[in-house]
Amino acid sequence: MKRFWAWGALIVGLLYFILPLIGMTNFSLKMRRGVYSFDAYAVVLGDPRFQQTFTYSVTLALLTIIVGVVLVVPTAYWVRLKLPWLRPYIEFITLLPLVIPAIVIVFGYIRLYNTSSWLPLTATSLGTDALLVFGYTTLALPYMYRAVDTGLRTIDVTTLTEAAQSMGAGWFTIIGKVILPNVLLAVLSGAFLTFAIVIGEFTMAALLNRPAFGPYMQLLGANRAYEPAALAVIAFVITWGCLGLIQLVSRFQKSAQRPV
Amino acid sequence: MTTHVEIADTVRAERIRLPLHWLGVVPFTIFVLLFLILPTMKIAVGAFQTPEGGFTVTNLYNLFTPSILAAFDISIRISFASALLGCLIGFAMSAALVLGGLPQAIRGPLMTFSGVASNFAGVPLAFAFIATLGPAGFITLFLRDDFDINLRAMGFNLLSFWGLTITYLFFQIPLMILIITPALDGLKREWREAASILGATNAQYWRLVAFPILLPSILGTFALLFANSFGAVATAIALTGSSLSIVPILLYAQIRGDVLGNPNLGYALAFGMIVVTGLANAIYVWLRARSERWMK
């Protein structure tokens, strides 16, 4: 009896999730009247604006990952090694982007870094791109910091540092050649999540007027019928890919930690 | 002798370098100040300023106009409904998984799927629901052609309170599953055994033991889900254009074109959002701390 209700709850729940996925896939294949075809995908993939915006967002995602790693790994390492009392405060700060809506943060950017301000980042397109990368780094901060900090917990930071120091390594060598390789799997899972967040992000890119993939999707959605469904399928596959890679990485992580 | 001197030197050097440890967190601090704290402060301070820079509460007072209050009202109701249903359905699915005696093999895939679905928000999610429940959507047409049920004639519209709530559930339910499953795992077998030895029925065990222990995590997750849908911009805009006046869409339009005419009213609107999500999360943090006492 209990199992009956359990299956019931699960199947009803899963139906809710599967129907929209079927809906969007079905719709994306119906561009040609009467038959299923990949026309919508062909149109989307052949659209030069798709290629431009997608490339732009991929580039931004990679830059965000680099900035995030350079910012988070040394900080989390240093806090664990030298300033453990600071950890709760840093953790609190890294969780703030979950509390403050992205639209509020980007509103602050627009008012703080406009052309007449002390740091006119939005005056040039390169400056705005940089601002967007920093904005995305902020949005990804909760995930990146948690991933790296969890990774650091599994290694003996103090011993590794002392061993490296006694062989004459400086701080850059320690972080780059000792700590980073040891938390690489954790960094990778943070990186894939960052990628999944950045690739379709809409609010920041649209309000900063950058030609990113999210605003392109929204624009297409307002003007076309079948192509948006194809885009939704593509976006879902990308999200699934990123999360799948995280699973794969964490499985490696577990087997690497198992005592030999 | 020389080694002693060297050691003494190093010790002295250590002592001199000690107060410089904080230098290691300077880049992080500067980054967070520039791209998180100061922009938010700018909004919060701006909400209390006149365009000339003087102090005022007029901006906040101006929020209390019928159209803005209506936007806050529908935003809060959508967030409340999607958080409540997200909690209930997510809890039911998670309980089925952990306590319902289902095969363990479905656990891994379900958790992975929850991770994917909770991140599948924004513009593509809106497209998926338009293709499903929109005017030409797959379920809409299916019900109309095969069962003669006309959703639109019955008053269902995706660009409405229920439309948005149903769509938001797609990322709310998985988030609940991701958070509550570990809590359900944490219910110790001994508690159930102790309860039944003392003569408790299954219902009594749930009402008097399990539920009070889980309640803080459930309420806490509720607060998190509430904030989560309250700040959602992209899904709402892709779904409704700007035809449904909820707070994030109002703020978006205000930033794009100053539709409210007064830039400082925009600050007040954004400040109102921070207050609502901040309160929801403060409740979350507080309840989380309470529930963790039992999860050791």
# chains A, B, ... in the order shown; residues from 1 in each chain; ligands from 1

call {"tool": "interface_residues", "arguments": {"of": "chain B", "to": "chain A", "cutoff": "7 Å", "atoms": "only C-alpha atoms", "output": "JSON, numbers by chain"}}
result
{"B": [21, 24, 25, 28, 35, 36, 39, 40, 42, 43, 92, 93, 96, 100, 101, 102, 115, 116, 120, 123, 124, 125, 127, 128, 129, 131, 132, 138, 170, 231, 233, 234, 238, 255, 256, 270, 274, 277, 278, 281]}

call {"tool": "select_by_dssp", "arguments": {"residues": "region 84-233 of chain B", "states": "helix (DSSP H, G or I)", "output": "ChimeraX atom specification"}}
result
/B:84-99,104-119,123-133,138-147,161-185,189-197,202-230

call {"tool": "atom_distance", "arguments": {"atom1": "CA of Val178 (chain A)", "atom2": "CA of Arg153 (chain A)"}}
result
14.8 Å

call {"tool": "atom_distance", "arguments": {"atom1": "CA of Ile89 (chain B)", "atom2": "CA of Leu187 (chain B)"}}
result
19.4 Å

call {"tool": "atom_distance", "arguments": {"atom1": "CA of Met273 (chain B)", "atom2": "CA of Phe31 (chain B)"}}
result
23.4 Å
